[in-house]
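See below for data27.txt, which holds compact mmCIF, C-alpha atoms.
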# COMPACT_ATOMS: atom_id res chain seq x y z
CA MET A 209 197.77 -20.28 202.53
CA ILE A 210 196.64 -16.99 204.04
CA SER A 211 199.19 -14.29 204.82
CA GLY A 212 198.86 -11.08 206.78
CA ALA A 213 200.04 -9.10 209.78
CA ALA A 214 201.16 -11.82 212.20
CA GLY A 215 201.59 -11.55 215.94
CA ALA A 216 205.06 -13.09 215.83
CA LEU A 217 206.25 -10.06 213.85
CA ALA A 218 204.32 -7.54 215.91
CA VAL A 219 206.25 -8.46 219.05
CA VAL A 220 209.51 -7.33 217.41
CA MET A 221 207.95 -4.27 215.82
CA VAL A 222 206.64 -2.86 219.10
CA SER A 223 210.14 -2.24 220.47
CA LEU A 224 211.25 -0.58 217.23
CA VAL A 225 208.28 1.78 217.10
CA ALA A 226 208.55 2.60 220.79
CA VAL A 227 212.14 3.79 220.41
CA HIS A 228 212.35 5.23 216.89
CA GLY A 229 208.79 5.85 215.69
CA VAL A 230 206.47 4.35 213.10
CA GLU A 231 208.30 5.72 210.04
CA TYR A 232 211.32 3.60 210.93
CA LEU A 233 208.98 0.62 210.94
CA PHE A 234 207.97 1.29 207.34
CA ALA A 235 211.63 1.55 206.29
CA THR A 236 212.37 -1.68 208.16
CA VAL A 237 209.54 -3.48 206.38
CA VAL A 238 210.95 -2.43 203.00
CA LEU A 239 214.40 -3.75 203.92
CA MET A 240 212.84 -6.89 205.36
CA GLY A 241 211.09 -7.54 202.06
CA LEU A 242 214.28 -7.05 200.08
CA MET A 243 216.08 -9.56 202.31
CA GLN A 244 213.33 -12.13 201.84
CA THR A 245 213.41 -11.63 198.09
CA VAL A 246 217.17 -12.27 198.06
CA VAL A 247 216.62 -15.49 200.05
CA GLY A 248 214.12 -16.61 197.44
CA VAL A 249 216.30 -15.70 194.46
CA MET A 250 219.23 -17.56 196.03
CA ARG A 251 216.90 -20.53 196.60
CA TRP A 252 217.78 -20.73 200.27
CA GLY A 253 214.20 -21.61 201.14
CA LYS A 254 215.05 -25.26 200.47
CA PHE A 255 216.90 -25.39 203.78
CA ILE A 256 213.54 -25.57 205.55
CA ARG A 257 213.74 -29.31 204.79
CA LEU A 258 216.40 -29.51 207.52
CA VAL A 259 213.67 -28.98 210.12
CA PRO A 260 213.08 -32.46 211.62
CA HIS A 261 209.61 -33.92 212.01
CA PRO A 262 209.70 -33.78 215.85
CA VAL A 263 210.24 -30.01 215.53
CA MET A 264 207.21 -29.80 213.23
CA LEU A 265 205.10 -31.68 215.78
CA GLY A 266 206.23 -29.37 218.56
CA PHE A 267 205.60 -26.38 216.31
CA VAL A 268 201.97 -27.23 215.59
CA ASN A 269 201.25 -28.32 219.16
CA GLY A 270 202.76 -25.18 220.63
CA LEU A 271 200.89 -23.04 218.13
CA ALA A 272 197.61 -24.72 219.00
CA ILE A 273 198.21 -23.97 222.68
CA VAL A 274 199.09 -20.34 221.88
CA ILE A 275 195.87 -19.92 219.88
CA PHE A 276 193.88 -21.47 222.73
CA LEU A 277 195.41 -19.22 225.37
CA ALA A 278 194.80 -16.16 223.19
CA GLN A 279 191.06 -16.84 223.26
CA LEU A 280 190.82 -16.85 227.06
CA GLY A 281 190.95 -13.07 227.12
CA GLN A 282 187.52 -13.02 225.51
CA PHE A 283 186.06 -14.55 228.69
CA GLN A 284 186.75 -11.35 230.61
CA VAL A 285 184.49 -8.41 231.24
CA PRO A 286 185.13 -5.91 228.38
CA GLY A 287 187.48 -3.18 229.61
CA SER A 288 188.65 -5.08 232.69
CA ALA A 289 191.97 -5.91 231.05
CA GLN A 290 194.26 -3.63 229.15
CA SER A 291 193.42 -5.45 225.91
CA ALA A 292 192.09 -8.79 224.81
CA GLY A 293 194.53 -11.50 225.70
CA HIS A 294 196.70 -9.21 227.88
CA GLY A 295 196.64 -8.42 231.55
CA MET A 296 194.49 -11.46 232.23
CA ALA A 297 195.85 -11.83 235.73
CA ASN A 298 194.33 -8.46 236.65
CA GLY A 299 191.19 -8.75 234.51
CA GLN A 300 187.73 -9.58 235.81
CA TRP A 301 186.44 -12.87 234.49
CA LEU A 302 182.87 -13.39 233.33
CA SER A 303 180.69 -15.27 235.77
CA GLY A 304 177.12 -16.38 236.24
CA GLY A 305 174.70 -15.72 233.39
CA PRO A 306 177.10 -13.86 231.08
CA LEU A 307 179.65 -16.69 231.34
CA ALA A 308 177.00 -19.34 230.69
CA LEU A 309 175.72 -17.41 227.66
CA MET A 310 179.23 -16.97 226.30
CA LEU A 311 180.05 -20.67 226.73
CA GLY A 312 176.72 -21.65 225.20
CA LEU A 313 177.31 -19.61 222.06
CA VAL A 314 180.89 -20.91 221.79
CA ALA A 315 179.63 -24.50 222.07
CA LEU A 316 176.89 -23.81 219.52
CA THR A 317 179.41 -22.41 217.05
CA MET A 318 181.64 -25.45 217.48
CA ALA A 319 178.67 -27.81 217.04
CA ILE A 320 177.63 -26.09 213.80
CA ILE A 321 181.17 -26.28 212.43
CA TRP A 322 181.30 -29.98 213.30
CA VAL A 323 177.88 -30.83 211.83
CA MET A 324 177.85 -28.57 208.75
CA PRO A 325 180.27 -30.62 206.58
CA ARG A 326 177.99 -33.64 207.09
CA ILE A 327 175.03 -31.67 205.70
CA THR A 328 176.53 -29.67 202.84
CA SER A 329 179.87 -28.46 201.56
CA VAL A 330 178.45 -25.51 199.65
CA VAL A 331 178.75 -23.18 202.64
CA PRO A 332 182.06 -23.28 204.59
CA ALA A 333 181.43 -24.57 208.10
CA PRO A 334 183.11 -21.63 209.93
CA LEU A 335 181.08 -19.13 207.90
CA ALA A 336 177.88 -21.00 208.72
CA GLY A 337 178.77 -21.09 212.42
CA ILE A 338 179.50 -17.36 212.57
CA GLY A 339 176.41 -16.45 210.54
CA ILE A 340 173.96 -18.57 212.52
CA VAL A 341 175.28 -17.52 215.92
CA ALA A 342 175.34 -13.86 214.88
CA ALA A 343 171.73 -14.11 213.65
CA ILE A 344 170.65 -15.67 216.96
CA ALA A 345 172.43 -13.01 219.02
CA ILE A 346 171.01 -10.13 216.97
CA GLY A 347 167.53 -11.65 216.60
CA PHE A 348 167.07 -12.30 220.32
CA GLY A 349 168.91 -9.15 221.38
CA LEU A 350 171.41 -11.09 223.48
CA ASP A 351 173.75 -9.00 225.59
CA VAL A 352 177.08 -10.52 224.56
CA PRO A 353 180.50 -9.01 223.73
CA LEU A 354 180.77 -8.02 220.07
CA VAL A 355 183.67 -7.44 217.69
CA GLY A 356 182.92 -3.72 217.84
CA ASP A 357 183.55 -3.74 221.60
CA LEU A 358 187.23 -4.45 220.97
CA ALA A 359 187.98 -1.83 218.32
CA SER A 360 186.61 -0.30 215.18
CA ILE A 361 187.77 -1.83 211.90
CA GLU A 362 186.86 1.26 209.89
CA GLY A 363 189.57 2.36 207.50
CA GLY A 364 190.37 3.57 204.02
CA LEU A 365 192.70 2.87 201.13
CA PRO A 366 196.40 3.45 201.90
CA ALA A 367 198.38 6.15 200.18
CA PHE A 368 201.85 5.74 198.70
CA HIS A 369 204.63 7.50 200.55
CA VAL A 370 208.34 6.99 201.00
CA PRO A 371 209.22 6.33 204.68
CA LEU A 372 210.13 9.64 206.29
CA VAL A 373 213.53 8.65 207.65
CA PRO A 374 216.98 10.10 206.97
CA LEU A 375 218.72 8.25 204.16
CA THR A 376 221.94 7.83 206.14
CA TRP A 377 224.20 5.03 207.27
CA GLU A 378 223.00 5.58 210.84
CA THR A 379 219.43 4.84 209.78
CA PHE A 380 220.60 1.66 208.06
CA GLU A 381 222.39 0.54 211.22
CA ILE A 382 219.17 1.07 213.20
CA ILE A 383 216.79 -0.83 210.93
CA LEU A 384 219.16 -3.61 209.77
CA PRO A 385 218.97 -5.79 212.93
CA TYR A 386 215.18 -5.47 213.10
CA ALA A 387 214.81 -6.19 209.39
CA PHE A 388 216.97 -9.30 209.67
CA ILE A 389 215.01 -10.64 212.64
CA LEU A 390 211.66 -9.91 211.01
CA ALA A 391 212.74 -11.48 207.72
CA ALA A 392 213.92 -14.63 209.52
CA ILE A 393 210.79 -14.96 211.66
CA GLY A 394 208.50 -14.34 208.71
CA LEU A 395 210.20 -16.89 206.47
CA ILE A 396 210.47 -19.56 209.16
CA GLU A 397 206.81 -19.29 210.10
CA SER A 398 205.71 -19.14 206.46
CA LEU A 399 207.80 -22.07 205.25
CA LEU A 400 206.68 -24.23 208.16
CA THR A 401 203.10 -23.32 207.31
CA VAL A 402 203.81 -24.27 203.68
CA ASN A 403 204.92 -27.72 204.86
CA LEU A 404 201.94 -28.11 207.18
CA VAL A 405 199.42 -27.09 204.53
CA GLY A 406 201.22 -29.33 202.04
CA GLU A 407 200.78 -32.33 204.33
CA MET A 408 197.06 -31.59 204.70
CA THR A 409 196.41 -31.08 200.99
CA GLY A 410 198.86 -33.61 199.58
CA LYS A 411 200.63 -30.94 197.54
CA ARG A 412 204.14 -29.49 197.73
CA GLY A 413 204.59 -25.76 197.90
CA GLY A 414 207.51 -23.89 196.39
CA ALA A 415 209.67 -22.68 199.28
CA SER A 416 211.78 -20.29 197.21
CA GLN A 417 208.72 -19.05 195.37
CA GLU A 418 207.06 -18.25 198.69
CA CYS A 419 210.17 -16.33 199.82
CA ILE A 420 210.11 -14.18 196.68
CA ALA A 421 206.38 -13.56 196.90
CA GLN A 422 206.50 -12.63 200.57
CA GLY A 423 209.52 -10.41 200.04
CA ALA A 424 207.88 -8.57 197.15
CA ALA A 425 204.69 -8.07 199.15
CA ASN A 426 206.52 -6.72 202.19
CA THR A 427 208.64 -4.39 200.08
CA VAL A 428 205.54 -2.90 198.45
CA THR A 429 203.52 -2.65 201.65
CA GLY A 430 206.33 -0.73 203.34
CA PHE A 431 205.70 2.11 200.88
CA PHE A 432 201.98 2.16 201.73
CA GLY A 433 202.22 2.43 205.51
CA GLY A 434 201.83 -1.30 206.17
CA MET A 435 203.48 -3.27 208.95
CA GLY A 436 204.34 -6.22 206.74
CA GLY A 437 203.48 -9.80 207.49
CA CYS A 438 203.86 -13.49 206.79
CA ALA A 439 201.77 -16.64 206.66
CA MET A 440 199.21 -16.95 209.46
CA ILE A 441 198.74 -20.57 210.38
CA GLY A 442 195.41 -20.12 212.17
CA GLN A 443 193.74 -18.46 209.20
CA SER A 444 195.46 -20.90 206.84
CA MET A 445 193.99 -23.83 208.76
CA ILE A 446 190.52 -22.29 208.53
CA ASN A 447 191.01 -21.79 204.80
CA VAL A 448 192.19 -25.35 204.15
CA LYS A 449 189.49 -26.93 206.30
CA SER A 450 186.89 -24.79 204.52
CA GLY A 451 187.91 -26.21 201.16
CA GLY A 452 190.42 -23.63 199.94
CA ARG A 453 192.94 -25.37 197.68
CA THR A 454 194.24 -22.76 195.22
CA ARG A 455 195.76 -19.30 195.20
CA ILE A 456 192.31 -17.89 194.52
CA ALA A 457 191.47 -18.52 198.18
CA GLY A 458 194.23 -16.16 199.34
CA VAL A 459 193.18 -13.49 196.85
CA ALA A 460 189.53 -13.83 197.89
CA ALA A 461 190.46 -13.52 201.56
CA SER A 462 192.30 -10.26 200.93
CA LEU A 463 189.47 -8.81 198.82
CA PHE A 464 186.83 -9.70 201.41
CA LEU A 465 188.95 -8.17 204.17
CA LEU A 466 189.28 -4.98 202.12
CA ALA A 467 185.53 -4.94 201.53
CA PHE A 468 184.81 -5.36 205.23
CA ILE A 469 187.06 -2.43 206.12
CA LEU A 470 185.68 -0.12 203.43
CA PHE A 471 181.99 -1.00 203.28
CA ALA A 472 180.84 -3.60 205.82
CA ARG A 473 182.29 -2.29 209.08
CA SER A 474 178.89 -1.97 210.79
CA LEU A 475 177.96 -5.57 209.97
CA ILE A 476 181.25 -7.11 211.04
CA GLU A 477 181.23 -5.24 214.34
CA GLN A 478 177.89 -6.91 215.20
CA ILE A 479 179.40 -10.42 215.19
CA PRO A 480 179.53 -11.92 218.70
CA LEU A 481 183.04 -12.66 219.96
CA ALA A 482 181.74 -16.05 221.08
CA ALA A 483 181.34 -17.08 217.44
CA LEU A 484 184.93 -16.21 216.64
CA VAL A 485 186.15 -17.96 219.79
CA GLY A 486 184.24 -21.07 218.75
CA VAL A 487 185.88 -21.00 215.32
CA MET A 488 189.34 -20.64 216.83
CA PHE A 489 188.69 -23.46 219.31
CA MET A 490 187.91 -25.70 216.33
CA VAL A 491 191.15 -24.51 214.74
CA VAL A 492 192.97 -25.52 217.93
CA ILE A 493 191.41 -28.98 217.81
CA GLY A 494 192.32 -29.38 214.15
CA THR A 495 195.84 -27.99 214.51
CA PHE A 496 197.03 -29.94 217.55
CA ALA A 497 198.74 -33.20 216.55
CA TRP A 498 196.80 -35.48 218.87
CA ASN A 499 198.58 -38.56 217.57
CA SER A 500 201.81 -37.14 219.00
CA LEU A 501 200.51 -37.90 222.51
CA THR A 502 200.48 -41.61 221.75
CA ILE A 503 203.67 -41.84 219.71
CA LEU A 504 205.81 -40.05 222.31
CA ARG A 505 206.18 -43.36 224.12
CA LYS A 506 207.12 -45.22 220.94
CA VAL A 507 209.63 -42.89 219.29
CA PRO A 508 213.23 -42.44 220.48
CA ARG A 509 213.57 -40.40 223.65
CA THR A 510 215.46 -37.70 221.80
CA ASP A 511 212.59 -37.16 219.38
CA ALA A 512 210.08 -37.07 222.21
CA PHE A 513 212.23 -34.57 224.12
CA VAL A 514 212.56 -32.31 221.06
CA THR A 515 208.80 -32.36 220.46
CA ILE A 516 208.04 -31.39 224.05
CA LEU A 517 210.83 -28.80 224.15
CA VAL A 518 209.66 -27.04 220.98
CA THR A 519 206.09 -27.02 222.29
CA ILE A 520 207.16 -25.38 225.56
CA VAL A 521 209.45 -22.83 223.91
CA THR A 522 206.72 -21.92 221.42
CA VAL A 523 204.32 -21.12 224.24
CA ALA A 524 206.94 -19.34 226.35
CA THR A 525 208.61 -17.27 223.60
CA ASP A 526 207.74 -17.37 219.91
CA LEU A 527 207.57 -19.79 217.00
CA ALA A 528 210.83 -18.81 215.33
CA THR A 529 212.86 -19.17 218.52
CA ALA A 530 211.27 -22.54 219.21
CA VAL A 531 212.09 -23.85 215.74
CA VAL A 532 215.71 -22.69 215.94
CA VAL A 533 216.09 -24.29 219.37
CA GLY A 534 214.52 -27.51 218.14
CA VAL A 535 216.77 -27.73 215.08
CA ILE A 536 219.92 -27.10 217.16
CA VAL A 537 218.99 -29.70 219.78
CA SER A 538 218.08 -32.23 217.07
CA ALA A 539 221.40 -31.65 215.29
CA LEU A 540 223.41 -32.04 218.49
CA ALA A 541 221.52 -35.19 219.43
CA TYR A 542 222.06 -36.63 215.95
CA ALA A 543 225.77 -35.86 216.09
CA TRP A 544 226.12 -37.42 219.53
CA ASN A 545 224.25 -40.58 218.56
CA ASN A 546 226.37 -41.04 215.45
CA ALA A 547 229.58 -40.29 217.32
CA THR A 548 229.00 -43.35 219.52
CA ARG A 549 228.26 -45.70 216.63
CA ILE A 550 231.77 -46.03 215.20
CA HIS A 551 233.55 -49.30 215.93
CA ALA A 552 236.04 -51.64 214.28
CA ARG A 553 236.72 -55.32 213.75
CA THR A 554 240.41 -56.25 213.39
CA TYR A 555 242.19 -59.30 212.03
CA GLN A 556 245.55 -60.22 210.45
CA THR A 557 246.02 -61.59 206.95
CA PRO A 558 248.37 -64.51 206.16
CA GLU A 559 250.79 -61.95 204.70
CA GLY A 560 251.07 -60.27 208.08
CA ALA A 561 248.99 -57.16 207.35
CA LYS A 562 246.65 -55.91 210.06
CA VAL A 563 243.18 -55.04 208.78
CA TYR A 564 240.74 -52.70 210.51
CA GLN A 565 237.16 -52.95 209.27
CA ILE A 566 235.59 -49.67 210.36
CA GLN A 567 231.83 -49.40 210.73
CA GLY A 568 229.95 -46.23 211.48
CA PRO A 569 230.14 -42.60 210.29
CA LEU A 570 233.44 -40.75 210.50
CA PHE A 571 233.08 -37.03 211.20
CA PHE A 572 234.22 -34.47 213.76
CA GLY A 573 232.05 -35.99 216.48
CA SER A 574 233.50 -39.48 216.05
CA ALA A 575 237.13 -38.49 215.29
CA ASP A 576 238.30 -39.18 218.85
CA GLY A 577 236.56 -42.53 218.89
CA PHE A 578 238.14 -43.36 215.55
CA SER A 579 241.63 -42.69 216.91
CA GLU A 580 240.95 -44.83 219.97
CA LEU A 581 240.26 -47.84 217.75
CA PHE A 582 243.96 -48.06 216.83
CA GLN A 583 246.93 -49.11 218.94
CA ILE A 584 248.95 -46.12 217.71
CA GLU A 585 247.57 -42.64 218.49
CA ALA A 586 248.52 -40.47 215.49
CA VAL A 587 247.47 -43.02 212.89
CA ALA A 588 249.02 -41.86 209.61
CA LEU A 589 252.19 -40.20 210.88
CA LYS A 590 253.09 -42.87 213.43
CA TYR A 591 252.64 -45.71 210.97
CA GLU A 592 254.87 -43.94 208.45
CA GLU A 593 257.58 -43.42 211.08
CA THR A 594 257.67 -47.16 211.79
CA GLY A 595 257.93 -48.03 208.10
CA LYS A 596 254.38 -49.28 207.81
CA ARG A 597 252.29 -48.84 204.68
CA ILE A 598 248.63 -47.85 205.01
CA GLN A 599 245.93 -48.65 202.50
CA LEU A 600 242.43 -47.16 202.74
CA ARG A 601 239.82 -49.02 200.74
CA HIS A 602 236.24 -48.39 199.64
CA LEU A 603 236.58 -44.59 199.52
CA SER A 604 234.43 -42.18 197.55
CA HIS A 605 235.93 -39.71 195.08
CA ASP A 606 235.65 -36.72 197.42
CA CYS A 607 237.55 -38.68 200.08
CA HIS A 608 240.31 -39.34 197.54
CA GLN A 609 240.63 -35.63 196.84
CA LEU A 610 240.77 -34.78 200.53
CA LEU A 611 243.42 -37.39 201.32
CA ALA A 612 245.49 -36.39 198.30
CA LYS A 613 245.77 -32.91 199.76
CA ALA A 614 246.82 -34.35 203.12
CA GLY A 615 249.66 -36.27 201.42
CA HIS A 616 250.15 -38.91 204.15
CA LEU A 617 248.03 -41.92 203.27
CA MET A 618 248.38 -44.51 200.53
CA VAL A 619 245.00 -45.24 199.00
CA ASP A 620 243.98 -48.39 197.16
CA SER A 621 241.58 -47.36 194.40
CA ASP A 622 240.97 -50.75 192.79
CA ASP A 623 237.78 -51.56 194.70
CA ASP A 624 236.42 -48.13 195.50
CA PRO A 625 232.64 -47.81 195.08
CA ASP A 626 231.16 -46.03 192.10
CA TYR A 627 227.62 -45.08 193.02
CA ALA A 628 225.05 -44.66 190.28
CA LEU A 629 221.31 -44.62 189.84
CA ALA A 630 219.78 -47.36 187.71
CA VAL A 631 216.33 -46.57 186.36
CA ASP A 632 214.10 -48.79 184.25
CA SER A 633 211.81 -46.59 182.17
CA GLY A 634 209.22 -49.34 182.03
CA VAL A 635 209.13 -49.96 185.77
CA LYS A 636 208.83 -47.22 188.37
CA THR A 637 211.75 -48.29 190.51
CA GLY A 638 215.21 -47.03 191.33
CA ILE A 639 218.21 -49.04 192.46
CA ILE A 640 221.32 -47.62 194.07
CA GLY A 641 224.28 -49.51 192.69
CA GLY A 642 227.80 -49.79 194.11
CA HIS A 643 230.18 -51.92 196.16

structure tokens encoding of this file:
Amino acid sequence: MISGAAGALAVVMVSLVAVHGVEYLFATVVLMGLMQTVVGVMRWGKFIRLVPHPVMLGFVNGLAIVIFLAQLGQFQVPGSAQSAGHGMANGQWLSGGPLALMLGLVALTMAIIWVMPRITSVVPAPLAGIGIVAAIAIGFGLDVPLVGDLASIEGGLPAFHVPLVPLTWETFEIILPYAFILAAIGLIESLLTVNLVGEMTGKRGGASQECIAQGAANTVTGFFGGMGGCAMIGQSMINVKSGGRTRIAGVAASLFLLAFILFARSLIEQIPLAALVGVMFMVVIGTFAWNSLTILRKVPRTDAFVTILVTIVTVATDLATAVVVGVIVSALAYAWNNATRIHARTYQTPEGAKVYQIQGPLFFGSADGFSELFQIEAVALKYEETGKRIQLRHLSHDCHQLLAKAGHLMVDSDDDPDYALAVDSGVKTGIIGGH
């Protein structure tokens, strides 16, 4: 998985820098890293498993659309928009020969990436596509937009310095909300990327370990004038599809990036933008869950709605907001569906006792429905007032403890279930036992 300065974080950082200055950003990044480290130490990263699969589908689909839309800015005349990917409504689009040349190089890059794995796996397909297209553009002197037309990537090694902000409570109050938001966005995007990469590689990543690692990295980078970051799903997809399977891939990516900035700026700036656009279009194709288009008609309507909702919110706002919205909607839908499932079958025994056989989950959402199943409204208290004796059967131990505190209900413990796990060391099977 490849991590770096992600756009989802930059959106939040812009408002902070605009109001308080860049030094407050560095202090915020340090605090953000400390928060993420605490999350990892407390092992709260495991809660990412609460994200339902429909939310994951909407997440990857929305992200694929966002990546696609971000590439459209490269089909504008350089300088006609405020920046690549922004102001597209006012920008001047390429047309005629320049557009045809741009599309041709994009298509060539995509074709190379598609064919290369069928020829050899020694050279990563995206690298081959970029190299071949760059060689063609330079060799034939093609007049196409280059990386250098956007901005220079020249830079040097960062220097250590403590953020130049007042060490006061007022400063803490300023950076705390931003740090919390950045920490949450960074962890959500990273942990979802961990799950996505895990599905592609067949391996499970350590959620808490990732939180600690990301927190430590952000804390350190804040003292070196860095803007912090998190996992970048686009670059991670390129890495995985290029054969990267270990941590060495992430280290290599960072070292190559450093080398480009320090020594190879002139070469990198000669790469045609069309080659990079072609690579990202292939990332879009590989990221989008195309099977979701066919299963939307087969899955429950709630799941289909959540998938579409998360996709739309991802495109309209950001990934973190979309995931939070998707989880909340999924939880509410789950609660509502379970609240309507409770029902009872009643009969009388020869001794004159009335038996209610309750089926379905009992929780706050189904409490009203539970009460409506009985002829007397306030179940426990009303029965006691009429001299009736209540027995609740088949209760778990935690239910016993809860009812003992309430002090109203008589509980029959003779046939309560005792759940256990039976494992045969010779056979890989597990059986849940109980009544």

| Spatial neighbours of range 461-467 of chain A, 12 Å, only C-alpha atoms, chain gap at least 3 places, as a list in words | Met209, Ile210, Ser211, Gly212, Ala213, Ile361, Glu362, Gly363, Gly364, Leu365, Pro366, Gln443, Ser444, Ile446, Asn447, Gly452, Thr454, Arg455, Ile456, Ala457, Gly458, Leu470, Phe471, Ala472, Arg473, Ser474, Leu475 and Ile476 of chain A

| message | Neighbouring residues of Ala272 in chain A were defined as those with any atom within 6 Å, considering all atoms listed in the file; residues of the same chain fewer than 2 positions away were excluded. Please report them as a ChimeraX atom specification. | response | /A:269-270,274-275,492,495-496

| query | Could you state the separation of CA of His608 in chain A and CA of Phe571 in chain A in Å, given to one decimal place? | reply |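 That distance, rounded to one decimal, is 15.6 Å.
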
| Of the candidates A:Gly437, A:Gly560, A:Gly568, A:Gly229, which shows the shortest atom-to-atom distance to Ile382 in chain A, using all atoms listed in the file? |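 The answer is A:Gly229, which sits nearest to Ile382 in chain A.
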
| field | Gly305 in chain A environment, 12 Å, all atoms listed in the file, sequence neighbours closer than 3 positions dropped, as a PyMOL selection string | value | chain A and resi 302+308-312+350-352

Save the residues we just selected, C-alpha atoms, as a compact mmCIF listing (two decimals), keeping the file's coordinate frame?
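See selection31.txt below for the written result:
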# COMPACT_ATOMS: atom_id res chain seq x y z
CA LEU A 302 182.87 -13.39 233.33
CA ALA A 308 177.00 -19.34 230.69
CA LEU A 309 175.72 -17.41 227.66
CA MET A 310 179.23 -16.97 226.30
CA LEU A 311 180.05 -20.67 226.73
CA GLY A 312 176.72 -21.65 225.20
CA LEU A 350 171.41 -11.09 223.48
CA ASP A 351 173.75 -9.00 225.59
CA VAL A 352 177.08 -10.52 224.56

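Distance-wise, CA of Leu603 in chain A and CA of Glu559 in chain A end up 23.0 Å apart.
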
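Note that CA of Ala391 in chain A and CA of Ala424 in chain A are 12.0 Å apart.
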
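Among A:Ile340, A:Leu384, A:Leu600, A:Val448, the residue with the shortest atom-to-atom distance to Gly410 in chain A, counting only C-alpha atoms, is A:Val448.
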
| task | With a distance cut-off of 10 Å and only C-alpha atoms, select the neighbouring residues of Gly436 in chain A, excluding the residue or stretch itself and same-chain residues fewer than 3 positions from it, and output the selection as a ChimeraX atom specification. | result | /A:211-214,217-218,221,233-234,236-238,240-241,390-391,394,422-423,425-430,433

| Pick from A:Leu242, A:Val330, A:Met440, A:Ile256, whichever lies nearest to Ala415 in chain A using only C-alpha atoms | A:Ile256

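Near (188.6, -17.3, 217.2), the residues that fall inside 10 Å on the basis of all atoms listed in the file are Ile275, Phe276, Ala278, Gln279, Gln282, Val314, Gly442, Gln443, Leu481, Ala482, Ala483, Leu484, Val485, Gly486, Val487, Met488, Phe489, Met490, Val491 and Val492 of chain A.
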
| said: Which residues are near range 499-508 of chain A? Cut-off 12 Å, all atoms listed in the file, ignore same chain within fewer than 6 positions. Put them as a ChimeraX atom specification. | reply: /A:261-269,493,514-516,519,538,541-542,545

Just the selected residues (C-alpha atoms), exported as a PDB file, in the frame of the given file, please.
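Heads up, here's the output in out_21.pdb:
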ATOM      1  CA  HIS A 261     209.610 -33.920 212.010  1.00  0.00           C
ATOM      2  CA  PRO A 262     209.700 -33.780 215.850  1.00  0.00           C
ATOM      3  CA  VAL A 263     210.240 -30.010 215.530  1.00  0.00           C
ATOM      4  CA  MET A 264     207.210 -29.800 213.230  1.00  0.00           C
ATOM      5  CA  LEU A 265     205.100 -31.680 215.780  1.00  0.00           C
ATOM      6  CA  GLY A 266     206.230 -29.370 218.560  1.00  0.00           C
ATOM      7  CA  PHE A 267     205.600 -26.380 216.310  1.00  0.00           C
ATOM      8  CA  VAL A 268     201.970 -27.230 215.590  1.00  0.00           C
ATOM      9  CA  ASN A 269     201.250 -28.320 219.160  1.00  0.00           C
ATOM     10  CA  ILE A 493     191.410 -28.980 217.810  1.00  0.00           C
ATOM     11  CA  VAL A 514     212.560 -32.310 221.060  1.00  0.00           C
ATOM     12  CA  THR A 515     208.800 -32.360 220.460  1.00  0.00           C
ATOM     13  CA  ILE A 516     208.040 -31.390 224.050  1.00  0.00           C
ATOM     14  CA  THR A 519     206.090 -27.020 222.290  1.00  0.00           C
ATOM     15  CA  SER A 538     218.080 -32.230 217.070  1.00  0.00           C
ATOM     16  CA  ALA A 541     221.520 -35.190 219.430  1.00  0.00           C
ATOM     17  CA  TYR A 542     222.060 -36.630 215.950  1.00  0.00           C
ATOM     18  CA  ASN A 545     224.250 -40.580 218.560  1.00  0.00           C
TER      19      ASN A 545
END

Please give the centre and size of the box around range 410-422 of chain A (axis-aligned, containing every atom listed in the file, 5 Å added per side), with values in Å to one decimal and written as JSON.
{"center_x": 205.3, "center_y": -23.1, "center_z": 198.0, "size_x": 22.9, "size_y": 31.0, "size_z": 15.2}

| query | Nearest to Ala547 in chain A among A:Ser574, A:Ser450, A:Ser223, A:Thr379, with distances taken over all atoms listed in the file: which residue is it? | reply |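 Counting all atoms listed in the file, the residue closest to Ala547 in chain A is A:Ser574.
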